[in-house]
Amino acid sequence: MTVLITGGAGYIGSHMVLDLVARGETPIVLDDLSTGFGWLLPDGVPLVIGDMADTALVQRLIAAHNIDAIAHFAAKIVVPDSVSDPLGYYESNTSKARTLIDTAIKSGIKRFIFSSTAAVYGEPDEMPVSETTRPMPVSPYGRSKLMVEWMLEDARHAHGLETMVLRYFNVAGADPMARSGQATPRATHLIKVACEAATGKRDAMSVFGTDYATRDGTCIRDYIHVSDLAAAHTLALDHLRAGKPGMTLNCAYGHGASVLEVIAAVKRVSGVDFPVHYAPRRAGDPPEIVAKGDQIKTALGWAPRFDDLDVIVQHALAFEAKLATRA
Ligand code: UDP
């Protein structure tokens, strides 16, 4: 049995590859390398450079490699870009996913793991967010993912495609051995940006908004270590392989850190006191997004190993140092 991983050369997909390889599986990666990097993959893992909506290619891979499950990571993920290019996002994240799901069903695949996002909740009325909180996405990105969740729900009823929908909160950090991490240029995510400031890749960074109704006036997010997130995917795969029904699960620790707390952690762990500017709010940022975070533990037996902001930052910094040696 082999897993086909779309977007497996990207940040999160490559960590699932590492997790599978660590337990003796050899997945097949399908990636167009638009934002991924072949060097994030361990030796011996086949990388097929191509499009997930290339039906003939995907059919060939499924037939040739005894594929029993698809983990679908390939997507565009920058929320502000989705606002300026909604149709591009609906094409990549929704239309191409539809084609991939169709190909999977016609090729007899019964197990599907889908990378969804906390962005499907939009600006929720209740906090913390649970899986039963009503999704009301406010960005094309969130909508592009929620539509796929709906397609998968319908495909399950009609065709028996069992799906694990994993809704990621704020993914951060890097592989503890620095084999993979966030390598995409022009990063916008807080921990990556702060680590770039700490390692001198940027002169300073900005805090977007200090007047939110939170404990220190800055936004609060539920940061999850990418290796713990990858482990959740492997457990989701085991769950489906055991013949259990698909589920929708939030992937988060269930507690949040503010922007200022993150910056303090990066300064503490790196020992670098980089300049920080206080800037106005960034459009569309909700004050707080924190998950309830218990359901995934119960459902999958998920036991996070890196639920510690300083550890997340330490691993992110180590990967930044590795990236610097490649530049
Ligand atoms: N943020 C910030 N400075 C930055 C990048 C992000 O103050 O350079 C803030 C951002 O406004 C938000 C939080 O950090 O309140 C998390 O943002 P990120 O882009 O990492 O993730 P998001 O929650 O938007 O998906």
# chains A, B, ... in the order shown; residues from 1 in each chain; ligands from 1
call {"tool": "select_by_dssp", "arguments": {"residues": "stretch 27-271 of chain A", "states": "helix (DSSP H, G or I)", "output": "MDAnalysis selection string"}}
result
chainID A and resid 38:40 55:64 79:84 86:106 118:121 140:159 190:198 226:241 259:270
call {"tool": "closest_atom_pairs", "arguments": {"of": "chain A", "to": "ligand 1", "cutoff": "10 Å", "atoms": "only C-alpha atoms and all ligand atoms", "output": "Markdown table"}}
result
| residue | atom | partner | partner_atom_place_in_ligand_line | distance |
| --- | --- | --- | --- | --- |
| A:Ile77 | CA | ligand 1 | 25 (O) | 9.2 |
| A:Val78 | CA | ligand 1 | 25 (O) | 8.3 |
| A:Val79 | CA | ligand 1 | 25 (O) | 7.5 |
| A:Pro80 | CA | ligand 1 | 24 (O) | 9.2 |
| A:Thr117 | CA | ligand 1 | 25 (O) | 9.2 |
| A:Ala118 | CA | ligand 1 | 25 (O) | 8.4 |
| A:Ala119 | CA | ligand 1 | 25 (O) | 7.6 |
| A:Tyr168 | CA | ligand 1 | 25 (O) | 9.7 |
| A:Phe169 | CA | ligand 1 | 25 (O) | 7.6 |
| A:Asn170 | CA | ligand 1 | 25 (O) | 6.0 |
| A:Val171 | CA | ligand 1 | 20 (O) | 8.4 |
| A:Ala172 | CA | ligand 1 | 20 (O) | 8.5 |
| A:Ala187 | CA | ligand 1 | 5 (C) | 8.7 |
| A:Thr188 | CA | ligand 1 | 19 (O) | 5.5 |
| A:His189 | CA | ligand 1 | 20 (O) | 3.3 |
| A:Leu190 | CA | ligand 1 | 20 (O) | 3.8 |
| A:Ile191 | CA | ligand 1 | 20 (O) | 6.4 |
| A:Lys192 | CA | ligand 1 | 20 (O) | 7.8 |
| A:Val193 | CA | ligand 1 | 8 (O) | 5.6 |
| A:Ala194 | CA | ligand 1 | 8 (O) | 7.0 |
| A:Ala197 | CA | ligand 1 | 8 (O) | 9.7 |
| A:Ala204 | CA | ligand 1 | 8 (O) | 9.3 |
| A:Met205 | CA | ligand 1 | 8 (O) | 5.7 |
| A:Ser206 | CA | ligand 1 | 3 (N) | 4.9 |
| A:Val207 | CA | ligand 1 | 7 (O) | 3.4 |
| A:Phe208 | CA | ligand 1 | 7 (O) | 3.9 |
| A:Gly209 | CA | ligand 1 | 7 (O) | 6.8 |
| A:Thr210 | CA | ligand 1 | 7 (O) | 8.8 |
| A:Tyr212 | CA | ligand 1 | 15 (O) | 9.6 |
| A:Thr218 | CA | ligand 1 | 15 (O) | 6.7 |
| A:Cys219 | CA | ligand 1 | 15 (O) | 4.3 |
| A:Ile220 | CA | ligand 1 | 15 (O) | 6.6 |
| A:Arg221 | CA | ligand 1 | 23 (O) | 6.1 |
| A:Asp222 | CA | ligand 1 | 23 (O) | 8.5 |
| A:Tyr223 | CA | ligand 1 | 20 (O) | 8.9 |
| A:Ala257 | CA | ligand 1 | 13 (C) | 9.4 |
| A:Ser258 | CA | ligand 1 | 13 (C) | 7.7 |
| A:Val259 | CA | ligand 1 | 14 (O) | 5.3 |
| A:Leu260 | CA | ligand 1 | 7 (O) | 8.2 |
| A:Val262 | CA | ligand 1 | 14 (O) | 8.7 |
| A:Ile263 | CA | ligand 1 | 7 (O) | 9.1 |
| A:Val276 | CA | ligand 1 | 3 (N) | 9.3 |
| A:His277 | CA | ligand 1 | 3 (N) | 9.2 |
| A:Tyr278 | CA | ligand 1 | 7 (O) | 8.4 |
| A:Ala279 | CA | ligand 1 | 7 (O) | 8.0 |
| A:Pro280 | CA | ligand 1 | 11 (O) | 9.2 |
| A:Arg281 | CA | ligand 1 | 11 (O) | 6.7 |
| A:Arg282 | CA | ligand 1 | 11 (O) | 5.5 |
| A:Ala283 | CA | ligand 1 | 11 (O) | 8.3 |
| A:Gly284 | CA | ligand 1 | 24 (O) | 8.3 |
| A:Asp285 | CA | ligand 1 | 15 (O) | 5.7 |
| A:Pro286 | CA | ligand 1 | 15 (O) | 7.2 |
| A:Pro287 | CA | ligand 1 | 15 (O) | 6.9 |
| A:Glu288 | CA | ligand 1 | 15 (O) | 8.1 |
| A:Ile289 | CA | ligand 1 | 23 (O) | 7.6 |
call {"tool": "select_by_dssp", "arguments": {"residues": "stretch 67-247 of chain A", "states": "strand (DSSP E)", "output": "PyMOL selection string"}}
result
chain A and resi 67-72+111-117+162-168+170-172+205-208+220-221+223-225
call {"tool": "residues_around", "arguments": {"residues": "A:Ala316", "least_positions_apart": "6", "cutoff": "12 Å", "atoms": "only C-alpha atoms", "output": "ChimeraX atom specification"}}
result
/A:11,171-183,189-196,198-199,225-227,265-266,269-270,309-310,322-323
call {"tool": "write_last_selection", "arguments": {"atoms": "C-alpha atoms", "output": "CSV table (one decimal), in the first residue's frame"}}
result
chain,number,residue,atom,x,y,z
A,11,TYR,CA,6.2,22.8,3.7
A,171,VAL,CA,1.4,25.9,11.4
A,172,ALA,CA,4.9,26.8,12.4
A,173,GLY,CA,8.3,25.4,13.2
A,174,ALA,CA,10.4,22.8,11.3
A,175,ASP,CA,11.5,19.3,11.3
A,176,PRO,CA,13.6,18.8,14.6
A,177,MET,CA,16.5,17.6,12.5
A,178,ALA,CA,16.1,20.6,10.1
A,179,ARG,CA,15.6,18.2,7.1
A,180,SER,CA,12.5,20.3,6.1
A,181,GLY,CA,10.9,23.6,7.0
A,182,GLN,CA,9.3,26.7,5.5
A,183,ALA,CA,11.5,27.4,2.5
A,189,HIS,CA,3.6,34.2,8.5
A,190,LEU,CA,4.6,35.6,11.9
A,191,ILE,CA,7.0,33.0,13.3
A,192,LYS,CA,8.9,32.7,10.0
A,193,VAL,CA,9.1,36.5,9.7
A,194,ALA,CA,10.3,36.9,13.2
A,195,CYS,CA,12.9,34.2,12.7
A,196,GLU,CA,14.1,36.0,9.5
A,198,ALA,CA,16.4,37.2,14.3
A,199,THR,CA,18.8,35.7,11.7
A,225,HIS,CA,4.3,22.5,15.3
A,226,VAL,CA,4.5,21.2,11.7
A,227,SER,CA,5.9,17.8,12.8
A,265,ALA,CA,9.9,33.9,22.4
A,266,VAL,CA,11.9,34.4,19.2
A,269,VAL,CA,15.4,31.7,22.0
A,270,SER,CA,17.7,33.4,19.4
A,309,LEU,CA,6.3,27.8,21.7
A,310,ASP,CA,10.1,28.0,22.5
A,322,LYS,CA,20.2,25.8,7.2
A,323,LEU,CA,18.5,27.8,4.5
call {"tool": "residues_around", "arguments": {"residues": "A:Ala56", "least_positions_apart": "6", "cutoff": "12 Å", "atoms": "only C-alpha atoms", "output": "CSV table (one decimal) with all heavy atoms, in the first residue's frame"}}
result
chain,number,residue,atom,x,y,z
A,50,GLY,N,4.5,17.3,-11.7
A,50,GLY,CA,3.3,17.4,-12.6
A,50,GLY,C,2.1,18.0,-11.8
A,50,GLY,O,2.2,18.4,-10.7
A,62,ILE,N,-1.6,5.9,-9.8
A,62,ILE,CA,-2.4,5.1,-9.0
A,62,ILE,C,-2.2,3.6,-9.4
A,62,ILE,O,-2.0,2.7,-8.5
A,62,ILE,CB,-3.9,5.6,-9.0
A,62,ILE,CG1,-4.0,6.9,-8.3
A,62,ILE,CG2,-4.8,4.5,-8.3
A,62,ILE,CD1,-5.4,7.6,-8.4
A,63,ALA,N,-2.3,3.4,-10.7
A,63,ALA,CA,-2.2,2.0,-11.2
A,63,ALA,C,-0.8,1.4,-11.0
A,63,ALA,O,-0.7,0.3,-10.6
A,63,ALA,CB,-2.6,2.0,-12.6
A,99,THR,N,-11.2,17.8,-9.9
A,99,THR,CA,-10.6,16.8,-10.9
A,99,THR,C,-9.9,15.7,-10.2
A,99,THR,O,-10.1,14.5,-10.5
A,99,THR,CB,-9.7,17.6,-11.9
A,99,THR,OG1,-10.4,18.6,-12.4
A,99,THR,CG2,-9.2,16.6,-13.0
A,100,LEU,N,-9.1,16.0,-9.2
A,100,LEU,CA,-8.3,15.0,-8.5
A,100,LEU,C,-9.3,14.0,-7.8
A,100,LEU,O,-9.1,12.8,-7.8
A,100,LEU,CB,-7.4,15.7,-7.4
A,100,LEU,CG,-6.6,14.7,-6.6
A,100,LEU,CD1,-5.5,14.0,-7.4
A,100,LEU,CD2,-5.9,15.5,-5.4
A,102,ASP,N,-12.3,13.3,-8.5
A,102,ASP,CA,-13.0,12.5,-9.6
A,102,ASP,C,-12.1,11.4,-10.1
A,102,ASP,O,-12.5,10.2,-10.2
A,102,ASP,CB,-13.4,13.5,-10.7
A,102,ASP,CG,-14.3,12.8,-11.8
A,102,ASP,OD1,-15.2,12.1,-11.4
A,102,ASP,OD2,-14.1,13.1,-13.0
A,103,THR,N,-10.8,11.8,-10.3
A,103,THR,CA,-9.9,10.7,-10.8
A,103,THR,C,-9.7,9.7,-9.7
A,103,THR,O,-9.6,8.5,-10.0
A,103,THR,CB,-8.5,11.4,-11.0
A,103,THR,OG1,-8.7,12.5,-11.9
A,103,THR,CG2,-7.5,10.4,-11.7
A,104,ALA,N,-9.6,10.1,-8.4
A,104,ALA,CA,-9.4,9.1,-7.3
A,104,ALA,C,-10.6,8.2,-7.3
A,104,ALA,O,-10.4,6.9,-7.3
A,104,ALA,CB,-9.3,9.9,-6.0
A,106,LYS,N,-12.7,7.4,-9.7
A,106,LYS,CA,-12.8,6.5,-10.9
A,106,LYS,C,-11.6,5.5,-10.9
A,106,LYS,O,-11.7,4.5,-11.6
A,106,LYS,CB,-12.7,7.4,-12.2
A,106,LYS,CG,-14.0,8.1,-12.4
A,106,LYS,CD,-14.1,9.0,-13.6
A,106,LYS,CE,-15.5,9.6,-13.7
A,106,LYS,NZ,-15.5,10.9,-14.3
A,107,SER,N,-10.6,5.8,-10.1
A,107,SER,CA,-9.5,4.8,-10.0
A,107,SER,C,-9.6,3.9,-8.9
A,107,SER,O,-8.7,3.1,-8.6
A,107,SER,CB,-8.1,5.5,-9.9
A,107,SER,OG,-8.0,6.5,-11.0
call {"tool": "residues_around", "arguments": {"residues": "stretch 148-165 of chain A", "least_positions_apart": "6", "cutoff": "7 Å", "atoms": "only C-alpha atoms", "output": "VMD selection string"}}
result
chain A and resid 94 97 105 110 to 116 236 245 to 249
call {"tool": "atom_distance", "arguments": {"atom1": "atom CA of A:Glu91", "atom2": "atom CA of A:Val3"}}
result
24.2 Å
call {"tool": "closest_residue", "arguments": {"among": "A:Ile296, A:Val311, A:Val45, A:Ala303", "to": "A:Asn250", "atoms": "only C-alpha atoms"}}
result
A:Ile296
